[in-house]
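Novice: Below is a structure I'd like to ask you about.
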Amino acid sequence: MPWICALFPDLPLEALAVAPDHPAVVCEQAGRDRWLQGVNAEAARRGLRPGMVLSSAVARVPQLLALARRPAAEREALNGLACWLYRFGTPVSVCPQRQAVWVQVGPSAHLFGGWDGLVGALLTDMPAYRVQFGVAPTLGCSLLLAVADAGLHQPVRQPGDIAAAIAGLPLGLLPFDEPALRLLTGAGLRRIGEVLALPADALGRRLGGPAMLALERLLGRAPEAWAAFVPPARYRRRFAFGDPVDSSEALLFPIKMMLGEFAAYLRARDGAVQNFVLRLRDSRRRVSVHRVGLMSPTRDPARLLRVVREQLERLTLEDGILELCLEADRFEPATAIQDDLFGSSALFGQRLLELRERLAARLGRDAVCQIAVSPDRRPEAAMTDPGSGSVPGSHHPPRPPWLLAQPKRLTPARLLGTSERIELGWWKGEAAARDYFLALDRTGRVCWVYRDLQDGRFYLHGLWQ
């Protein structure tokens with residue numbers, strides 16, 4: 001069964017969530033010199049390339065942002081990317097040293113309508129990382145093809161096809177150590193096919209057992225060792241800044257990345273979230289906790305970001321932020337929005353729900369109120385807060401949109417239609433015995449009046465216009 005290898009060549013820099021419009025590089029130490037391990041698109045546009053010495057790069061681009069490589073950030077990013085691939089098949093395996101994630105997709109391809117459907121679904125749900133793909137029956141071969149950026153549309157389906165598929169690739173892609181590669185290049189070999197054409201016995205005597213075992217595994221002739229990745233039961237994603245961040249706008253770029261990974265985790269678990277926590281640690285090591293709540297469970301990263309953005313705009317940063325942490329330990333079943341054939345009521349309701357979420361995030365939950373229908377039929381008590389004895393749906397006859405705070409004496413010019421009798425509230429000491437009518441007053445306005453059954457007088461209680 002084929003493995004898809006997703007290789008992330010720019011992960012050391014992308015895991016640091018640097019804004020793309022600023023030239024930035026990630027560096028590694030080699031003796032006394034620091035050299036560029038990775039560059040972003042803006043730095044590359046200004047002529048910087050991996051392998052350059054940092055001092056030369058800074059001389060060329062004085063405003064260059066130079067960052068130290070952080071393996072912990074890379075591992076956390078890879079775990080998030082493993083959750084992204086988890087929805088396409090199992091098992092999933094992660095290798096931080098190679099900056100790669102594998103997923104075996106043979107059994108799950110039919111769930112997407114075949115191989116073409118799976119590839120289409122994968123390409124329409126790409127993460128915010130540069131990725132190269134390779135597809136082969138072994139992990140080693142799929143990684144080699146990913147390094148060569150073979151893509152998803154040229155899969156190697158059978159172990160017997162591996163040798164022919166990799167024969168034209170450069171010799172340096174083989175999983176050999178440097179002495180073995182130097183030996184082969186010194187013998188005048190340049191392509192993998194030239195190595196595979198040599199007698200195995202002679203090749204083994206010169207390269208040794210470990211190199212031959214790696215070659216056998218690459219070709220599918222020996223078993224490979226790998227560990228399966230499983231999404232954790234509790235989600236926690238940490239992101240550390242190299243320097244303190246003192247504006248909420250600067251927090252949005254890494255938060256967007258984190259929420260995208262969080263949504264991938266929720267899809268991998270086929271779940272949704274309604275409440276989660278953002279923790280911010282500032283330069284004084286003080287931790288502020290920000291609880292994010294939604295009106296209904298979701299796994300839509302755009303919806304999560306809108307709510308978090310509204311909450312961040314209320315935030316005042318007294319000191320620079322050094323660390324973000326997103327945590328969630330309670331999840332809900334995922335639900336799909338369904339609608340009737342000709343209408344869009346469900347979509348409208350969802351948008352209204354999201355509007356309430358954003359208002360609550362910006363103004364505070366206490367500033368946003370919701371009303372529902374009460375089982376009490378008295379007009380002044382017909383509306384209540386949801387959950388306090390409310391009844392789903394409207395079960396009262398039509399009511400005018402404008403009720404008077406205190407009913408006023410009125411002699412109607414004309415009564416319209418039949419009456420609605422209400423006799424309630426006696427158990428609370430607020431007895432109401434009334435007959436309600438639609439009526440016209442002397443100016444022709446449509447009024448809602450009632451006749452008090454105790455004194456027989458008419459009172460104006462509401463207006464329709």
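Simple scheme: letters A, B, ... for chains in structure tokens order, numbers from 1 for residues in each chain, numbers from 1 for ligands in the order shown.
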Would you list the contacts of range 41-44 of chain A as a list in words, taking every protein, DNA or RNA residue within 12 Å and counting only C-alpha atoms, but skipping same-chain residues closer than 4 positions in sequence?

Specialist: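 The residues satisfying every condition are Asp10, Leu13, Glu14, Val18, Ala19, Pro20, Asp21, His22, Pro23, Ala24, Val25, Val26, Leu36, Leu48, Arg49, Pro50, Met52, Ala57, Val58, Arg60, Val61, Pro62, Gln63, Leu64, Leu65, Ala66 and Arg130 of chain A.
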
Novice: Need the shell around Thr335 in chain A: protein/DNA/RNA residues with any atom at most 9 Å away, counting only C-alpha atoms. Skip same-chain ones fewer than 3 positions apart. Format as a PyMOL selection string?

Specialist: chain A and resi 271-272+297-298+332

Novice: Mind dumping the selected residues with all heavy atoms as a PDB file, in the first residue's frame?

Specialist:
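Below is the file part38.pdb, written as the result:
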```pdb
ATOM      1  N   GLY A 271     -14.112  15.976  15.596  1.00  0.00           N
ATOM      2  CA  GLY A 271     -14.781  16.681  16.682  1.00  0.00           C
ATOM      3  C   GLY A 271     -14.825  18.171  16.436  1.00  0.00           C
ATOM      4  O   GLY A 271     -14.409  18.678  15.386  1.00  0.00           O
ATOM      5  N   ALA A 272     -15.350  18.889  17.421  1.00  0.00           N
ATOM      6  CA  ALA A 272     -15.453  20.347  17.373  1.00  0.00           C
ATOM      7  C   ALA A 272     -15.202  20.871  18.778  1.00  0.00           C
ATOM      8  O   ALA A 272     -15.153  20.110  19.747  1.00  0.00           O
ATOM      9  CB  ALA A 272     -16.821  20.784  16.861  1.00  0.00           C
ATOM     10  N   PRO A 297     -20.466  24.600  19.023  1.00  0.00           N
ATOM     11  CA  PRO A 297     -19.187  23.975  18.660  1.00  0.00           C
ATOM     12  C   PRO A 297     -18.857  24.180  17.182  1.00  0.00           C
ATOM     13  O   PRO A 297     -19.741  24.235  16.327  1.00  0.00           O
ATOM     14  CB  PRO A 297     -19.421  22.489  18.977  1.00  0.00           C
ATOM     15  CG  PRO A 297     -20.561  22.458  19.932  1.00  0.00           C
ATOM     16  CD  PRO A 297     -21.425  23.622  19.572  1.00  0.00           C
ATOM     17  N   THR A 298     -17.575  24.293  16.885  1.00  0.00           N
ATOM     18  CA  THR A 298     -17.118  24.465  15.510  1.00  0.00           C
ATOM     19  C   THR A 298     -15.710  23.927  15.375  1.00  0.00           C
ATOM     20  O   THR A 298     -15.009  23.725  16.373  1.00  0.00           O
ATOM     21  CB  THR A 298     -17.148  25.940  15.094  1.00  0.00           C
ATOM     22  OG1 THR A 298     -16.841  26.055  13.707  1.00  0.00           O
ATOM     23  CG2 THR A 298     -16.120  26.754  15.885  1.00  0.00           C
ATOM     24  N   GLU A 332     -16.588  18.431  21.411  1.00  0.00           N
ATOM     25  CA  GLU A 332     -17.973  18.061  21.114  1.00  0.00           C
ATOM     26  C   GLU A 332     -18.018  17.342  19.771  1.00  0.00           C
ATOM     27  O   GLU A 332     -17.105  17.474  18.949  1.00  0.00           O
ATOM     28  CB  GLU A 332     -18.857  19.321  21.051  1.00  0.00           C
ATOM     29  CG  GLU A 332     -18.746  20.243  22.243  1.00  0.00           C
ATOM     30  CD  GLU A 332     -19.313  19.638  23.518  1.00  0.00           C
ATOM     31  OE1 GLU A 332     -20.114  18.681  23.404  1.00  0.00           O
ATOM     32  OE2 GLU A 332     -18.960  20.107  24.611  1.00  0.00           O
TER      33      GLU A 332
END
```

Novice: Using DSSP assignments from the backbone, pull out every residue in range 76-325 of chain A that falls under helix (DSSP H, G or I) and give it to me as a count of residues only.

Specialist: 110

Novice: Restrict the calculation to only C-alpha atoms, then for each residue of range 404-433 of chain A with any atom at most 12 Å from an atom of range 439-450 of chain A give the closest atom pair and their distance in Å to one decimal, rows by chain and rising residue number, as a Markdown table.

Specialist:
```
| residue | atom | partner | partner_atom | distance |
| --- | --- | --- | --- | --- |
| A:Leu404 | CA | A:Trp448 | CA | 10.2 |
| A:Pro407 | CA | A:Val449 | CA | 8.7 |
| A:Lys408 | CA | A:Val449 | CA | 9.3 |
| A:Arg409 | CA | A:Val449 | CA | 9.3 |
| A:Leu410 | CA | A:Val449 | CA | 8.0 |
| A:Thr411 | CA | A:Asp441 | CA | 7.5 |
| A:Pro412 | CA | A:Asp441 | CA | 4.9 |
| A:Ala413 | CA | A:Asp441 | CA | 5.0 |
| A:Arg414 | CA | A:Leu440 | CA | 5.2 |
| A:Leu415 | CA | A:Ala439 | CA | 4.4 |
| A:Leu416 | CA | A:Ala439 | CA | 5.2 |
| A:Gly417 | CA | A:Ala439 | CA | 8.5 |
| A:Thr418 | CA | A:Ala439 | CA | 10.4 |
| A:Ser419 | CA | A:Tyr450 | CA | 8.6 |
| A:Glu420 | CA | A:Tyr450 | CA | 8.9 |
| A:Arg421 | CA | A:Tyr450 | CA | 9.0 |
| A:Ile422 | CA | A:Tyr450 | CA | 9.7 |
| A:Ala432 | CA | A:Tyr450 | CA | 10.8 |
| A:Ala433 | CA | A:Tyr450 | CA | 9.5 |
```

Novice: Got time to write the residues from that selection, all heavy atoms, as a compact mmCIF listing (two decimals), in the first residue's frame?

Specialist:
```
# COMPACT_ATOMS: atom_id res chain seq x y z
N LEU A 404 -46.50 49.14 25.19
CA LEU A 404 -46.36 50.25 26.12
C LEU A 404 -45.89 49.73 27.47
O LEU A 404 -46.29 48.64 27.91
CB LEU A 404 -47.70 50.98 26.30
CG LEU A 404 -48.06 52.05 25.24
CD1 LEU A 404 -48.27 51.41 23.87
CD2 LEU A 404 -49.28 52.83 25.68
N PRO A 407 -50.00 50.26 30.27
CA PRO A 407 -51.20 50.43 29.43
C PRO A 407 -51.92 51.74 29.76
O PRO A 407 -51.92 52.21 30.90
CB PRO A 407 -52.05 49.21 29.79
CG PRO A 407 -51.07 48.21 30.32
CD PRO A 407 -50.02 48.99 31.01
N LYS A 408 -52.54 52.35 28.72
CA LYS A 408 -53.24 53.62 28.88
C LYS A 408 -54.72 53.44 28.52
O LYS A 408 -55.06 52.67 27.63
CB LYS A 408 -52.62 54.69 27.98
CG LYS A 408 -51.18 55.02 28.32
CD LYS A 408 -50.65 56.10 27.38
CE LYS A 408 -49.21 56.46 27.72
NZ LYS A 408 -48.69 57.52 26.81
N ARG A 409 -55.57 54.21 29.23
CA ARG A 409 -57.00 54.19 28.92
C ARG A 409 -57.23 54.64 27.50
O ARG A 409 -56.64 55.61 27.02
CB ARG A 409 -57.76 55.10 29.89
CG ARG A 409 -57.96 54.52 31.29
CD ARG A 409 -59.07 53.48 31.30
NE ARG A 409 -60.28 53.94 30.66
CZ ARG A 409 -61.24 54.66 31.27
NH1 ARG A 409 -61.10 54.99 32.54
NH2 ARG A 409 -62.32 55.05 30.61
N LEU A 410 -58.09 53.91 26.78
CA LEU A 410 -58.40 54.26 25.40
C LEU A 410 -59.79 53.73 25.06
O LEU A 410 -60.14 52.59 25.44
CB LEU A 410 -57.38 53.64 24.43
CG LEU A 410 -57.66 53.83 22.94
CD1 LEU A 410 -57.39 55.27 22.54
CD2 LEU A 410 -56.83 52.87 22.09
N THR A 411 -60.53 54.58 24.36
CA THR A 411 -61.83 54.13 23.87
C THR A 411 -61.69 53.87 22.38
O THR A 411 -61.52 54.81 21.60
CB THR A 411 -62.92 55.19 24.11
OG1 THR A 411 -63.01 55.44 25.50
CG2 THR A 411 -64.27 54.70 23.58
N PRO A 412 -61.66 52.59 21.95
CA PRO A 412 -61.42 52.30 20.54
C PRO A 412 -62.59 52.75 19.68
O PRO A 412 -63.76 52.73 20.10
CB PRO A 412 -61.27 50.78 20.53
CG PRO A 412 -61.99 50.30 21.73
CD PRO A 412 -61.84 51.38 22.76
N ALA A 413 -62.26 53.17 18.46
CA ALA A 413 -63.31 53.56 17.52
C ALA A 413 -64.00 52.34 16.93
O ALA A 413 -65.19 52.37 16.61
CB ALA A 413 -62.71 54.41 16.40
N ARG A 414 -63.19 51.27 16.77
CA ARG A 414 -63.76 50.08 16.17
C ARG A 414 -62.93 48.87 16.57
O ARG A 414 -61.70 48.92 16.57
CB ARG A 414 -63.76 50.22 14.64
CG ARG A 414 -64.33 49.02 13.89
CD ARG A 414 -64.19 49.25 12.41
NE ARG A 414 -64.56 48.07 11.64
CZ ARG A 414 -64.36 47.92 10.33
NH1 ARG A 414 -63.80 48.92 9.65
NH2 ARG A 414 -64.74 46.83 9.70
N LEU A 415 -63.60 47.77 16.94
CA LEU A 415 -62.94 46.50 17.26
C LEU A 415 -62.88 45.64 16.00
O LEU A 415 -63.85 45.57 15.23
CB LEU A 415 -63.68 45.76 18.37
CG LEU A 415 -63.76 46.47 19.73
CD1 LEU A 415 -64.55 45.63 20.71
CD2 LEU A 415 -62.37 46.77 20.26
N LEU A 416 -61.74 44.95 15.82
CA LEU A 416 -61.52 44.12 14.64
C LEU A 416 -61.38 42.67 15.06
O LEU A 416 -60.55 42.34 15.91
CB LEU A 416 -60.26 44.56 13.88
CG LEU A 416 -60.19 46.02 13.46
CD1 LEU A 416 -58.83 46.32 12.83
CD2 LEU A 416 -61.31 46.35 12.47
N GLY A 417 -62.16 41.77 14.49
CA GLY A 417 -62.00 40.35 14.74
C GLY A 417 -62.46 39.92 16.11
O GLY A 417 -63.13 40.66 16.84
N THR A 418 -62.08 38.70 16.47
CA THR A 418 -62.47 38.11 17.75
C THR A 418 -61.43 38.40 18.81
O THR A 418 -60.31 38.81 18.51
CB THR A 418 -62.67 36.60 17.60
OG1 THR A 418 -61.44 36.01 17.15
CG2 THR A 418 -63.77 36.29 16.59
N SER A 419 -61.79 38.16 20.04
CA SER A 419 -60.90 38.47 21.17
C SER A 419 -60.02 37.28 21.53
O SER A 419 -60.30 36.13 21.18
CB SER A 419 -61.73 38.88 22.38
OG SER A 419 -62.51 37.77 22.83
N GLU A 420 -58.93 37.58 22.24
CA GLU A 420 -58.05 36.57 22.83
C GLU A 420 -58.10 36.78 24.34
O GLU A 420 -57.71 37.84 24.83
CB GLU A 420 -56.61 36.72 22.31
CG GLU A 420 -55.63 35.80 23.01
CD GLU A 420 -54.17 36.16 22.74
OE1 GLU A 420 -53.92 37.07 21.92
OE2 GLU A 420 -53.29 35.55 23.38
N ARG A 421 -58.57 35.78 25.05
CA ARG A 421 -58.71 35.93 26.51
C ARG A 421 -57.43 35.43 27.20
O ARG A 421 -56.90 34.36 26.89
CB ARG A 421 -59.91 35.17 27.02
CG ARG A 421 -60.05 35.20 28.56
CD ARG A 421 -61.44 34.88 29.00
NE ARG A 421 -62.37 35.94 28.63
CZ ARG A 421 -63.64 36.00 29.00
NH1 ARG A 421 -64.15 35.04 29.78
NH2 ARG A 421 -64.42 36.98 28.61
N ILE A 422 -56.99 36.21 28.19
CA ILE A 422 -55.83 35.85 29.00
C ILE A 422 -56.22 35.99 30.46
O ILE A 422 -56.62 37.08 30.90
CB ILE A 422 -54.61 36.74 28.67
CG1 ILE A 422 -54.14 36.50 27.24
CG2 ILE A 422 -53.47 36.49 29.65
CD1 ILE A 422 -52.98 37.37 26.80
N ALA A 432 -54.16 38.70 35.95
CA ALA A 432 -54.55 39.43 34.75
C ALA A 432 -55.73 38.70 34.12
O ALA A 432 -55.63 37.52 33.79
CB ALA A 432 -53.38 39.50 33.76
N ALA A 433 -56.86 39.41 34.01
CA ALA A 433 -58.05 38.86 33.36
C ALA A 433 -58.45 39.85 32.27
O ALA A 433 -59.01 40.91 32.56
CB ALA A 433 -59.17 38.66 34.37
```

Novice: Going by DSSP on the backbone, which bits of range 152-375 of chain A are strand (DSSP E)? Write them as a ChimeraX atom specification, please.

Specialist: /A:235-245,271-282,287-298,321-328,332-333,372-373

Novice: Smallest atom-to-atom distance to Arg281 in chain A: which of A:Gly160, A:Gly320, A:Gly31, A:Pro401, using only C-alpha atoms?

Specialist: A:Gly320

Novice: Determine, counting only C-alpha atoms, which protein, DNA and RNA residues have an atom within 6 Å of an atom of Arg362 in chain A; residues of the same chain fewer than 2 positions away are not included. Present the result as a list in words.

Specialist: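 Non-adjacent residues within range: Glu310, Gln311, Leu359, Ala360 and Gly364 of chain A.
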